[in-house]
Amino acid sequence: MDAQSASNAADCEIVISSVFDAPRELVWEAWTNPEHVAQWWGPNGFTTTIEKMDFRVGGVWEHVMHGPDGNDYPNSCMFHEIVKPERIVFSQRGHREGGPGTHFVATWTFEALGKQTRVTMRGVFDTPAERELVVTEFGAIEGGKQTLARLAGYLSKV
């Protein structure tokens with residue numbers, strides 16, 4: 001689960017990947033069903049309230065991440081591409097209430113590896129400064145790793 005850089009665009013992106021001991025169809029279901037997503041989304045100590053998840057191209061996903069520090073982090077996403085069970089692309093806007101916010105395009109890929117699945121999440125920001133903001137202000141790299149670890153833990157129970 002290391003951040004990787006693949007090109008000069010790396011200054012504007014975060015890439016985190018993990019292999020799960022679960023078939024791709026189960027991982028896809030855990031990601032696309034809001035009842036599942038609310039159980040694992042976000043870094044350690046966070047809970048998530050899903051206000052709306054219209055999982056279709058052009059659909060909107062609104063959720064609030066509740067941090068262990070008592071802060072709320074409202075997020076609004078729009079789905080741009082859904083290729084079942086391989087890829088989800090969405091734009092996301094989020095911020096800490098009363099604090100700075102960010103915008104990025106997220107691409108999640110789901111690669112079947114027999115009975116396992118490799119999930120790669122890639123966030124592409126408009127500028128290196130926006131990427132740096134989420135890394136320093138929100139701990140995005142460690143938070144992404146923790147989110148994938150929480151997904152792994154959830155998958156082991158379903």
# chains A, B, ... in the order shown; residues from 1 in each chain; ligands from 1
$ select_by_dssp --residues "chain A" --states "helix (DSSP H, G or I)" --output "PyMOL selection string"
chain A and resi 8-12+24-32+34-40+128-138+140-155
$ residues_around --residues "Glu25 in chain A" --least-positions-apart "2" --cutoff "9 Å" --atoms "only C-alpha atoms" --output "CSV table (one decimal) with N, CA and C atoms, in the first residue's frame"
chain,number,residue,atom,x,y,z
A,22,ALA,N,-10.6,-11.4,-1.2
A,22,ALA,CA,-12.1,-11.5,-1.5
A,22,ALA,C,-12.2,-11.4,-3.0
A,23,PRO,N,-13.2,-12.1,-3.6
A,23,PRO,CA,-13.5,-12.0,-5.0
A,23,PRO,C,-13.9,-10.6,-5.4
A,27,VAL,N,-16.0,-7.3,-3.5
A,27,VAL,CA,-15.4,-6.0,-3.3
A,27,VAL,C,-16.2,-5.0,-4.0
A,28,TRP,N,-16.7,-5.2,-5.2
A,28,TRP,CA,-17.5,-4.3,-5.9
A,28,TRP,C,-18.8,-4.0,-5.1
A,29,GLU,N,-19.4,-5.0,-4.6
A,29,GLU,CA,-20.7,-4.9,-3.8
A,29,GLU,C,-20.4,-4.0,-2.6
A,30,ALA,N,-19.3,-4.3,-1.9
A,30,ALA,CA,-19.0,-3.5,-0.7
A,30,ALA,C,-18.7,-2.0,-1.0
A,84,LYS,N,-18.8,-1.9,-14.5
A,84,LYS,CA,-19.0,-3.0,-13.5
A,84,LYS,C,-18.2,-4.3,-14.0
A,85,PRO,N,-17.4,-4.9,-13.2
A,85,PRO,CA,-17.0,-4.6,-11.9
A,85,PRO,C,-15.5,-4.1,-11.9
A,112,ALA,N,-9.3,-8.5,-10.8
A,112,ALA,CA,-9.5,-9.9,-10.4
A,112,ALA,C,-8.2,-10.6,-10.4
$ residues_around --residues "range 47-60 of chain A" --least-positions-apart "3" --cutoff "9 Å" --atoms "only C-alpha atoms" --output "list in words"
Thr32, Asn33, Pro34, Glu35, Val37, Ala38, Gln39, Trp40, Trp41, Gly42, Pro43, Asn44, His63, Val64, Met65, His66, Gly67, Pro68, Ser76, Cys77, Met78, Phe79, His80, Glu81, Ile82 and Phe90 of chain A
$ closest_residue --among "A:Ala9, A:Phe20, A:Gly45, A:Glu111" --to "Gly143 in chain A" --atoms "only C-alpha atoms"
A:Gly45
$ residues_around --residues "Asp11 in chain A" --least-positions-apart "6" --cutoff "9 Å" --atoms "only C-alpha atoms" --output "JSON, numbers by chain"
{"A": [5, 125, 127, 128, 129, 131, 132]}
$ residues_around --residues "Gly99 in chain A" --least-positions-apart "6" --cutoff "10 Å" --atoms "only C-alpha atoms" --output "PDB file with N, CA and C atoms, in the first residue's frame"
ATOM      1  N   ASN A  71     -14.768  16.964  14.307  1.00  0.00           N
ATOM      2  CA  ASN A  71     -15.041  17.737  13.103  1.00  0.00           C
ATOM      3  C   ASN A  71     -15.826  16.903  12.100  1.00  0.00           C
ATOM      4  N   TYR A  73     -16.772  16.444   7.953  1.00  0.00           N
ATOM      5  CA  TYR A  73     -16.163  16.665   6.643  1.00  0.00           C
ATOM      6  C   TYR A  73     -17.194  16.334   5.571  1.00  0.00           C
ATOM      7  N   GLU A 137      -2.822  18.756   5.320  1.00  0.00           N
ATOM      8  CA  GLU A 137      -3.958  19.182   6.140  1.00  0.00           C
ATOM      9  C   GLU A 137      -4.846  18.012   6.560  1.00  0.00           C
TER      10      GLU A 137
END
$ select_by_dssp --residues "range 41-149 of chain A" --states "strand (DSSP E or B)" --output "JSON, numbers by chain"
{"A": [47, 48, 49, 50, 51, 52, 53, 60, 61, 62, 63, 64, 65, 66, 72, 73, 74, 75, 76, 77, 78, 79, 80, 81, 82, 83, 87, 88, 89, 90, 91, 92, 93, 94, 95, 101, 102, 103, 104, 105, 106, 107, 108, 109, 110, 111, 112, 113, 116, 117, 118, 119, 120, 121, 122, 123, 124, 125]}
$ write_last_selection --atoms "C-alpha atoms" --output "short mmCIF file (atom, residue, chain, number, x, y, z; two decimals), in the first residue's frame"
data_model
loop_
_atom_site.label_atom_id
_atom_site.label_comp_id
_atom_site.auth_asym_id
_atom_site.auth_seq_id
_atom_site.Cartn_x
_atom_site.Cartn_y
_atom_site.Cartn_z
CA THR A 47 -17.73 7.24 10.82
CA THR A 48 -19.63 8.10 7.66
CA THR A 49 -23.22 9.20 7.15
CA ILE A 50 -24.37 8.65 3.58
CA GLU A 51 -27.04 11.19 2.76
CA LYS A 52 -27.49 10.11 -0.86
CA MET A 53 -25.78 7.61 -3.15
CA VAL A 60 -24.61 12.18 -6.97
CA TRP A 61 -23.10 10.76 -3.79
CA GLU A 62 -23.33 13.00 -0.73
CA HIS A 63 -21.76 11.90 2.53
CA VAL A 64 -20.40 13.37 5.73
CA MET A 65 -17.32 11.92 7.36
CA HIS A 66 -17.32 12.42 11.12
CA ASP A 72 -17.39 16.96 10.22
CA TYR A 73 -16.16 16.67 6.64
CA PRO A 74 -19.02 17.07 4.12
CA ASN A 75 -18.30 15.56 0.68
CA SER A 76 -20.14 15.77 -2.61
CA CYS A 77 -19.30 13.46 -5.50
CA MET A 78 -20.57 12.92 -9.03
CA PHE A 79 -20.08 9.62 -10.84
CA HIS A 80 -18.57 10.02 -14.33
CA GLU A 81 -17.80 6.44 -15.32
CA ILE A 82 -18.95 3.07 -13.99
CA VAL A 83 -17.67 -0.11 -15.62
CA ARG A 87 -13.73 0.79 -12.57
CA ILE A 88 -15.47 3.72 -10.91
CA VAL A 89 -14.57 7.33 -11.74
CA PHE A 90 -16.03 10.26 -9.83
CA SER A 91 -15.25 13.87 -9.00
CA GLN A 92 -15.22 14.76 -5.32
CA ARG A 93 -15.45 18.00 -3.42
CA GLY A 94 -14.87 17.94 0.30
CA HIS A 95 -13.84 20.11 3.20
CA GLY A 101 -11.59 22.20 0.98
CA THR A 102 -10.43 20.38 -2.08
CA HIS A 103 -11.54 18.96 -5.39
CA PHE A 104 -10.15 15.95 -7.21
CA VAL A 105 -11.08 13.20 -9.64
CA ALA A 106 -10.96 9.71 -8.15
CA THR A 107 -10.53 6.51 -10.13
CA TRP A 108 -10.97 3.21 -8.33
CA THR A 109 -10.03 0.04 -10.22
CA PHE A 110 -10.86 -3.53 -9.23
CA GLU A 111 -8.55 -6.18 -10.71
CA ALA A 112 -9.50 -9.85 -10.35
CA LEU A 113 -6.61 -12.02 -9.15
CA GLN A 116 -8.30 -12.08 -4.57
CA THR A 117 -8.84 -8.53 -5.83
CA ARG A 118 -6.37 -5.69 -6.28
CA VAL A 119 -7.99 -2.32 -5.60
CA THR A 120 -6.18 0.81 -6.72
CA MET A 121 -7.44 4.25 -5.85
CA ARG A 122 -6.04 7.23 -7.72
CA GLY A 123 -6.84 10.83 -6.87
CA VAL A 124 -5.87 13.48 -9.40
CA PHE A 125 -5.85 17.10 -8.21
#
$ closest_residue --among "A:Asp126, A:Pro100, A:Ser156, A:Leu151" --to "Phe138 in chain A" --atoms "only C-alpha atoms"
A:Pro100
$ atom_distance --atom1 "CA of Arg150 in chain A" --atom2 "CA of Leu26 in chain A"
14.8 Å
$ atom_distance --atom1 "CA of Thr136 in chain A" --atom2 "CA of Leu148 in chain A"
19.4 Å
